[in-house]
Structures are given as structure tokens and as C-alpha cells.
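Pasted below: query03.pdb, PDB, C-alpha atoms, pLDDT in the B column.
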```pdb
ATOM      1  CA  MET J   1     -11.932  -7.123 -14.576  1.00 39.00           C
ATOM      2  CA  ASP J   2     -10.789  -8.887 -11.407  1.00 37.00           C
ATOM      3  CA  SER J   3      -7.981  -7.332  -9.406  1.00 38.00           C
ATOM      4  CA  ALA J   4      -7.069  -8.504  -5.930  1.00 37.00           C
ATOM      5  CA  ALA J   5      -4.398  -7.291  -3.560  1.00 39.00           C
ATOM      6  CA  LYS J   6      -3.566  -8.448  -0.049  1.00 35.00           C
ATOM      7  CA  TYR J   7      -2.159  -6.250   2.704  1.00 33.00           C
ATOM      8  CA  ASP J   8       1.418  -7.193   3.622  1.00 36.00           C
ATOM      9  CA  ASP J   9       2.418  -5.749   6.992  1.00 35.00           C
ATOM     10  CA  ARG J  10       6.136  -6.300   6.329  1.00 32.00           C
ATOM     11  CA  ALA J  11       6.509  -3.584   3.710  1.00 38.00           C
ATOM     12  CA  SER J  12       5.471   0.019   3.215  1.00 43.00           C
ATOM     13  CA  SER J  13       5.590  -0.239  -0.563  1.00 45.00           C
ATOM     14  CA  SER J  14       4.807  -2.652  -3.335  1.00 57.00           C
ATOM     15  CA  GLU J  15       5.293  -2.759  -7.065  1.00 71.00           C
ATOM     16  CA  ASN J  16       2.188  -0.639  -7.536  1.00 93.00           C
ATOM     17  CA  TYR J  17       2.104   1.814  -4.617  1.00 96.00           C
ATOM     18  CA  ARG J  18       4.546   3.753  -2.461  1.00 97.00           C
ATOM     19  CA  LEU J  19       4.014   5.300   0.950  1.00 96.00           C
ATOM     20  CA  GLY J  20       5.968   8.264   2.255  1.00 96.00           C
ATOM     21  CA  ASP J  21       6.873   8.849   5.882  1.00 96.00           C
ATOM     22  CA  TRP J  22       4.379  10.178   8.407  1.00 96.00           C
ATOM     23  CA  SER J  23       4.663  13.957   8.748  1.00 96.00           C
ATOM     24  CA  GLU J  24       4.556  15.872  12.031  1.00 96.00           C
ATOM     25  CA  LYS J  25       1.016  16.906  11.046  1.00 95.00           C
ATOM     26  CA  GLY J  26      -0.083  13.252  10.940  1.00 96.00           C
ATOM     27  CA  THR J  27      -0.243  12.902   7.160  1.00 97.00           C
ATOM     28  CA  ILE J  28       1.285  10.384   4.782  1.00 98.00           C
ATOM     29  CA  GLU J  29       1.675  10.546   0.994  1.00 98.00           C
ATOM     30  CA  LEU J  30       0.441   7.663  -1.181  1.00 98.00           C
ATOM     31  CA  THR J  31       1.453   7.268  -4.825  1.00 98.00           C
ATOM     32  CA  ALA J  32      -0.053   4.406  -6.831  1.00 98.00           C
ATOM     33  CA  SER J  33       0.316   3.490 -10.475  1.00 97.00           C
ATOM     34  CA  GLY J  34      -1.034   1.031 -12.989  1.00 96.00           C
ATOM     35  CA  ALA J  35      -1.254   0.292 -16.682  1.00 96.00           C
ATOM     36  CA  ASP J  36      -4.883   1.466 -16.730  1.00 96.00           C
ATOM     37  CA  ALA J  37      -7.456   3.183 -14.530  1.00 96.00           C
ATOM     38  CA  ALA J  38      -8.577  -0.020 -12.782  1.00 96.00           C
ATOM     39  CA  ALA J  39      -5.010  -1.055 -11.967  1.00 96.00           C
ATOM     40  CA  ALA J  40      -4.150   2.404 -10.596  1.00 97.00           C
ATOM     41  CA  VAL J  41      -7.303   2.552  -8.447  1.00 97.00           C
ATOM     42  CA  THR J  42      -6.725  -0.988  -7.146  1.00 97.00           C
ATOM     43  CA  ALA J  43      -3.118  -0.154  -6.242  1.00 97.00           C
ATOM     44  CA  ALA J  44      -4.208   3.047  -4.486  1.00 98.00           C
ATOM     45  CA  LEU J  45      -6.875   1.171  -2.505  1.00 97.00           C
ATOM     46  CA  GLN J  46      -4.232  -1.407  -1.565  1.00 96.00           C
ATOM     47  CA  GLY J  47      -2.105   1.476  -0.268  1.00 96.00           C
ATOM     48  CA  VAL J  48      -5.000   2.882   1.786  1.00 96.00           C
ATOM     49  CA  LEU J  49      -5.574  -0.592   3.218  1.00 94.00           C
ATOM     50  CA  ALA J  50      -1.865  -0.851   4.111  1.00 94.00           C
ATOM     51  CA  VAL J  51      -1.920   2.498   5.939  1.00 95.00           C
ATOM     52  CA  ALA J  52      -5.117   1.518   7.783  1.00 93.00           C
ATOM     53  CA  GLY J  53      -3.489  -1.771   8.787  1.00 85.00           C
ATOM     54  CA  GLU J  54      -0.336  -0.195  10.249  1.00 74.00           C
ATOM     55  CA  ASP J  55      -1.840  -0.178  13.735  1.00 59.00           C
ATOM     56  CA  ARG J  56      -2.624  -3.871  14.180  1.00 51.00           C
ATOM     57  CA  THR J  57      -4.292  -3.461  17.603  1.00 51.00           C
ATOM     58  CA  ASP J  58      -7.724  -4.505  16.327  1.00 48.00           C
ATOM     59  CA  SER J  59      -9.044  -5.987  19.549  1.00 51.00           C
ATOM     60  CA  GLY J  60     -12.643  -6.545  18.493  1.00 51.00           C
ATOM     61  CA  ARG J  61     -14.089 -10.021  18.922  1.00 53.00           C
ATOM     62  CA  VAL J  62     -13.903 -12.219  15.830  1.00 50.00           C
ATOM     63  CA  ASP J  63     -17.192 -12.699  14.006  1.00 49.00           C
ATOM     64  CA  ASP J  64     -18.426 -16.299  13.916  1.00 53.00           C
ATOM     65  CA  ALA J  65     -18.025 -16.423  10.135  1.00 52.00           C
ATOM     66  CA  ALA J  66     -14.560 -17.577   9.061  1.00 58.00           C
ATOM     67  CA  SER J  67     -14.558 -15.209   6.116  1.00 84.00           C
ATOM     68  CA  SER J  68     -16.543 -12.055   5.534  1.00 88.00           C
ATOM     69  CA  SER J  69     -16.902  -9.482   2.806  1.00 92.00           C
ATOM     70  CA  ALA J  70     -18.064  -5.892   2.761  1.00 94.00           C
ATOM     71  CA  ALA J  71     -19.110  -4.077  -0.394  1.00 96.00           C
ATOM     72  CA  ILE J  72     -17.445  -0.821  -1.404  1.00 98.00           C
ATOM     73  CA  ARG J  73     -18.654   1.468  -4.163  1.00 98.00           C
ATOM     74  CA  GLY J  74     -18.055   4.877  -5.589  1.00 97.00           C
ATOM     75  CA  GLN J  75     -19.318   7.216  -8.271  1.00 96.00           C
ATOM     76  CA  GLY J  76     -17.803  10.450  -9.514  1.00 96.00           C
ATOM     77  CA  ALA J  77     -17.238  12.806 -12.414  1.00 97.00           C
ATOM     78  CA  SER J  78     -13.520  11.958 -12.522  1.00 97.00           C
ATOM     79  CA  LEU J  79     -11.270   9.031 -11.697  1.00 96.00           C
ATOM     80  CA  ALA J  80      -9.927  11.008  -8.726  1.00 98.00           C
ATOM     81  CA  SER J  81     -13.416  11.574  -7.316  1.00 98.00           C
ATOM     82  CA  VAL J  82     -14.490   7.946  -7.749  1.00 98.00           C
ATOM     83  CA  PHE J  83     -11.290   6.852  -5.969  1.00 98.00           C
ATOM     84  CA  ALA J  84     -12.060   9.301  -3.133  1.00 98.00           C
ATOM     85  CA  GLU J  85     -15.518   7.756  -2.720  1.00 98.00           C
ATOM     86  CA  LEU J  86     -14.120   4.207  -2.821  1.00 98.00           C
ATOM     87  CA  ALA J  87     -11.439   5.091  -0.252  1.00 98.00           C
ATOM     88  CA  ALA J  88     -13.998   6.723   2.059  1.00 97.00           C
ATOM     89  CA  ASP J  89     -16.248   3.659   1.754  1.00 97.00           C
ATOM     90  CA  LEU J  90     -13.273   1.332   2.401  1.00 97.00           C
ATOM     91  CA  LEU J  91     -12.382   3.247   5.587  1.00 96.00           C
ATOM     92  CA  ALA J  92     -16.033   3.256   6.720  1.00 95.00           C
ATOM     93  CA  GLN J  93     -16.204  -0.525   6.239  1.00 94.00           C
ATOM     94  CA  LEU J  94     -12.994  -0.967   8.256  1.00 94.00           C
ATOM     95  CA  ASP J  95     -14.504   1.206  11.015  1.00 92.00           C
ATOM     96  CA  ALA J  96     -17.601  -1.010  11.030  1.00 92.00           C
ATOM     97  CA  ASN J  97     -15.934  -4.408  10.517  1.00 90.00           C
ATOM     98  CA  GLY J  98     -12.328  -4.063  11.693  1.00 89.00           C
ATOM     99  CA  ARG J  99      -8.891  -4.479  10.201  1.00 88.00           C
ATOM    100  CA  GLY J 100      -9.450  -8.204   9.707  1.00 88.00           C
ATOM    101  CA  LEU J 101     -10.872  -7.273   6.300  1.00 90.00           C
ATOM    102  CA  ASN J 102      -7.414  -7.232   4.731  1.00 89.00           C
ATOM    103  CA  GLN J 103      -7.936  -7.939   1.036  1.00 92.00           C
ATOM    104  CA  ILE J 104      -9.315  -5.610  -1.609  1.00 94.00           C
ATOM    105  CA  ARG J 105     -11.108  -6.715  -4.741  1.00 94.00           C
ATOM    106  CA  LEU J 106     -12.175  -4.212  -7.398  1.00 96.00           C
ATOM    107  CA  ASP J 107     -14.828  -5.968  -9.463  1.00 96.00           C
ATOM    108  CA  GLY J 108     -15.783  -3.158 -11.822  1.00 96.00           C
ATOM    109  CA  LEU J 109     -14.834   0.296 -13.019  1.00 97.00           C
ATOM    110  CA  LEU J 110     -17.053   1.786 -15.697  1.00 96.00           C
ATOM    111  CA  ASP J 111     -16.327   4.949 -17.661  1.00 93.00           C
ATOM    112  CA  THR J 112     -19.804   6.405 -18.290  1.00 91.00           C
ATOM    113  CA  ASP J 113     -21.136   9.585 -19.902  1.00 92.00           C
ATOM    114  CA  ASP J 114     -21.379  11.140 -16.426  1.00 92.00           C
ATOM    115  CA  GLY J 115     -17.978   9.997 -15.129  1.00 94.00           C
ATOM    116  CA  TYR J 116     -17.034   6.764 -13.397  1.00 96.00           C
ATOM    117  CA  THR J 117     -18.796   4.110 -11.369  1.00 97.00           C
ATOM    118  CA  ALA J 118     -16.824   1.490  -9.440  1.00 98.00           C
ATOM    119  CA  TRP J 119     -17.536  -1.346  -7.036  1.00 98.00           C
ATOM    120  CA  GLY J 120     -15.739  -4.101  -5.230  1.00 97.00           C
ATOM    121  CA  TYR J 121     -15.275  -5.837  -1.886  1.00 96.00           C
ATOM    122  CA  LEU J 122     -13.121  -5.994   1.192  1.00 95.00           C
ATOM    123  CA  VAL J 123     -12.581  -9.605   2.200  1.00 93.00           C
ATOM    124  CA  GLY J 124     -11.219 -11.141   5.394  1.00 91.00           C
ATOM    125  CA  THR J 125     -12.326 -11.788   8.948  1.00 88.00           C
ATOM    126  CA  ALA J 126     -14.774  -9.281  10.401  1.00 86.00           C
ATOM    127  CA  ARG J 127     -14.569  -8.137  14.022  1.00 83.00           C
ATOM    128  CA  LEU J 128     -17.450  -7.308  16.325  1.00 82.00           C
ATOM    129  CA  ASP J 129     -17.246  -3.802  17.827  1.00 82.00           C
ATOM    130  CA  PRO J 130     -13.798  -2.933  16.425  1.00 86.00           C
ATOM    131  CA  PRO J 131     -11.969   0.257  17.447  1.00 87.00           C
ATOM    132  CA  PRO J 132     -12.158   3.129  14.928  1.00 87.00           C
ATOM    133  CA  ILE J 133      -9.553   3.305  12.157  1.00 88.00           C
ATOM    134  CA  GLY J 134      -8.912   7.039  12.614  1.00 92.00           C
ATOM    135  CA  LEU J 135      -7.862   7.711   9.019  1.00 95.00           C
ATOM    136  CA  ALA J 136      -9.241   9.890   6.191  1.00 96.00           C
ATOM    137  CA  LEU J 137      -8.223  11.438   2.885  1.00 96.00           C
ATOM    138  CA  ASP J 138      -6.573  14.791   3.607  1.00 96.00           C
ATOM    139  CA  ASP J 139      -7.262  16.450   0.247  1.00 93.00           C
ATOM    140  CA  ASP J 140      -8.468  15.684  -3.265  1.00 96.00           C
ATOM    141  CA  PRO J 141      -6.549  12.909  -5.056  1.00 98.00           C
ATOM    142  CA  ILE J 142      -4.662  13.781  -8.251  1.00 98.00           C
ATOM    143  CA  VAL J 143      -4.590  11.481 -11.295  1.00 98.00           C
ATOM    144  CA  THR J 144      -2.066  11.849 -14.120  1.00 97.00           C
ATOM    145  CA  GLU J 145      -1.318   9.780 -17.200  1.00 96.00           C
ATOM    146  CA  ALA J 146       2.113   9.581 -18.836  1.00 95.00           C
ATOM    147  CA  ASN J 147       4.024   7.003 -20.869  1.00 93.00           C
ATOM    148  CA  GLY J 148       1.100   4.570 -20.891  1.00 91.00           C
ATOM    149  CA  GLU J 149       0.803   4.530 -17.095  1.00 96.00           C
ATOM    150  CA  MET J 150      -1.785   6.086 -14.793  1.00 97.00           C
ATOM    151  CA  THR J 151      -0.612   7.526 -11.486  1.00 98.00           C
ATOM    152  CA  LEU J 152      -2.851   8.410  -8.546  1.00 98.00           C
ATOM    153  CA  ARG J 153      -1.527  10.560  -5.682  1.00 98.00           C
ATOM    154  CA  CYS J 154      -3.239  11.365  -2.426  1.00 98.00           C
ATOM    155  CA  ARG J 155      -2.517  12.265   1.167  1.00 98.00           C
ATOM    156  CA  LEU J 156      -4.060  10.486   4.137  1.00 98.00           C
ATOM    157  CA  ARG J 157      -4.298  11.906   7.647  1.00 97.00           C
ATOM    158  CA  ARG J 158      -4.814  10.484  11.082  1.00 95.00           C
ATOM    159  CA  THR J 159      -8.076  11.655  12.600  1.00 92.00           C
ATOM    160  CA  ALA J 160      -7.672  10.264  16.102  1.00 75.00           C
TER     161      ALA J 160
END
```
Using C-alpha cells, write down the structure that the file contains.
Amino acid sequence: MDSAAKYDDRASSSENYRLGDWSEKGTIELTASGADAAAAVTAALQGVLAVAGEDRTDSGRVDDAASSSAAIRGQGASLASVFAELAADLLAQLDANGRGLNQIRLDGLLDTDDGYTAWGYLVGTARLDPPPIGLALDDDPIVTEANGEMTLRCRLRRTA
């Protein structure tokens, strides 16, 4: 499996994910879908990356390397819980490396006896001492399957 998605700052939706409007409470709804679990998780991670990239004031100094990558991974009893771990890891990597990491690559998603294990990378240009992202999952994601399509819904909230 090799799924890649690039953040596009001109749109708040794509074929595979939709973003709602920001609420007065500082939350935004994300709905992502795909033909299978990997496609739905990739689309949802692309949506998280898009929300994190909305504030493009990443003023950290550019790392000397032209291109960088940061590993993300997650493990959970359900697809929703493995996505939550991946999203938390993605946001932690953006906090550490900046918004210049603007591409997501999900390299593996295994359905095991104990649940799911997933891993991938954020790719782009790292920043030195970037400002915090200030974003987190607001509640547990929900995964549904209907008509041969998986849908993942979650809410993100501003933390700063």
C-alpha cells in the first residue's frame, strides 16, 4: 500500500475529505471517506494536515536539508483508535518540525488479532524551532462502513 496526499491551501475540501466551518467553540468537523480502511485513514490524515496548515505563519528557520521526513505510527483496537493515534503523532511531528512537512504518506495499515497497526511519514521541509500547531482531536473519531465505502468522522479543536 502506498498512498500519498499533498496539502492544498486553496481548498477546504477534496475528493476524499470535507471540512466544516469553525465553530464559536474553536472546533471544526472533518469527514473523510475511502474505498477501504487505508484510503479512509489517509484521507482523514490529509484533512488533519489541511486544518493544521490553515495558519501558514510558520516562521521557524528552514532546516539545512532540502527535504525531511518524520515517522508517524499508531496502534489501536479499532480503526478509529489507530487513526486517533496517527493524528496525534502527526500533530506532534508538526509541533516539532513545523508546517513545512506538508505531505502525508501512509505506508502500512495492518489488521491484526489485537486491532490495527499503522505507520507512515510526513514529508516536506522541516523548520527549526517552529511555533506550536495548537490543534488536537476534540473527541473520539467515528468510523462507519456503507455501500462499499468507509467513512471516518472526527472533530478537531484549537488548543491555543
Next item on the list: Could you give me, as a PyMOL selection string, the residues within 8 Å of segment 141-152 of chain J, counting all atoms listed in the file and dropping anything in the same chain fewer than 4 positions from it?
Entry: chain J and resi 31-37+40-41+44+79-81+83-84
Margin query: I'd like the residues picked by the PyMOL selection byres ((chain J and resi 30) around 8) written out as a list in words, using the chain letters and numbers from the file.
Written below: Tyr17, Arg18, Leu19, Gly20, Ile28, Glu29, Thr31, Ala32, Ala44, Gly47, Val48, Arg153, Cys154, Arg155 and Leu156 of chain J
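The space separating atom CA of Gln103 of chain J from atom CA of Leu45 of chain J comes to 9.8 Å.
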Notebook entry, point to check: Evaluating the PyMOL selection byres ((chain J and resi 135) around 10) on the displayed file yields which residues, as a PyMOL selection string?
Noted result: chain J and resi 26-27+48+51-52+88+91-92+95+132-134+136-138+156-160
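Note that the spacing between atom CA of Ile72 of chain J and atom CA of Ala38 of chain J amounts to 14.4 Å.
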With 5 Å of padding per side, what axis-aligned box (centre and edge lengths, Å, one decimal) covers all the listed atoms of segment 28-44 of chain J? Give it as AutoDock Vina command-line options.
```
--center_x -3.5 --center_y 4.7 --center_z -6.0 --size_x 20.3 --size_y 21.6 --size_z 31.5
```
Notebook entry, point to check: In Å to one decimal, how far is atom CA of Glu54 of chain J from atom CA of Leu128 of chain J?
Noted result: 19.5 Å
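Non-sequential neighbours of Asp114 of chain J (distance at most 12 Å, separation of 3 or more positions within a chain, only C-alpha atoms) are Gln75, Gly76, Ala77, Ser78, Leu79, Val82, Leu110, Asp111 and Thr117 of chain J.
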Quick one: everything within 6 Å of Leu122 of chain J, counting all atoms listed in the file, minus sequence neighbours fewer than 2 positions away in the same chain. Send it as a CSV table (one decimal) with C-alpha atoms, in the coordinates of the input.
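Final output, around_38.csv:
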```csv
chain,number,residue,atom,x,y,z
J,69,SER,CA,-16.9,-9.5,2.8
J,70,ALA,CA,-18.1,-5.9,2.8
J,101,LEU,CA,-10.9,-7.3,6.3
J,103,GLN,CA,-7.9,-7.9,1.0
J,104,ILE,CA,-9.3,-5.6,-1.6
```
As a check of understanding, name the residues that the PyMOL selection byres ((chain J and resi 119) around 9) selects in the supplied structure, as an mmCIF file with C-alpha atoms, keeping the file's coordinate frame.
```
data_model
loop_
_atom_site.group_PDB
_atom_site.id
_atom_site.type_symbol
_atom_site.label_atom_id
_atom_site.label_comp_id
_atom_site.auth_asym_id
_atom_site.auth_seq_id
_atom_site.Cartn_x
_atom_site.Cartn_y
_atom_site.Cartn_z
ATOM 1 C CA ALA J 71 -19.110 -4.077 -0.394
ATOM 2 C CA ILE J 72 -17.445 -0.821 -1.404
ATOM 3 C CA ARG J 73 -18.654 1.468 -4.163
ATOM 4 C CA GLY J 74 -18.055 4.877 -5.589
ATOM 5 C CA GLN J 75 -19.318 7.216 -8.271
ATOM 6 C CA LEU J 86 -14.120 4.207 -2.821
ATOM 7 C CA ARG J 105 -11.108 -6.715 -4.741
ATOM 8 C CA LEU J 106 -12.175 -4.212 -7.398
ATOM 9 C CA ASP J 107 -14.828 -5.968 -9.463
ATOM 10 C CA GLY J 108 -15.783 -3.158 -11.822
ATOM 11 C CA LEU J 109 -14.834 0.296 -13.019
ATOM 12 C CA THR J 117 -18.796 4.110 -11.369
ATOM 13 C CA ALA J 118 -16.824 1.490 -9.440
ATOM 14 C CA GLY J 120 -15.739 -4.101 -5.230
ATOM 15 C CA TYR J 121 -15.275 -5.837 -1.886
#
```
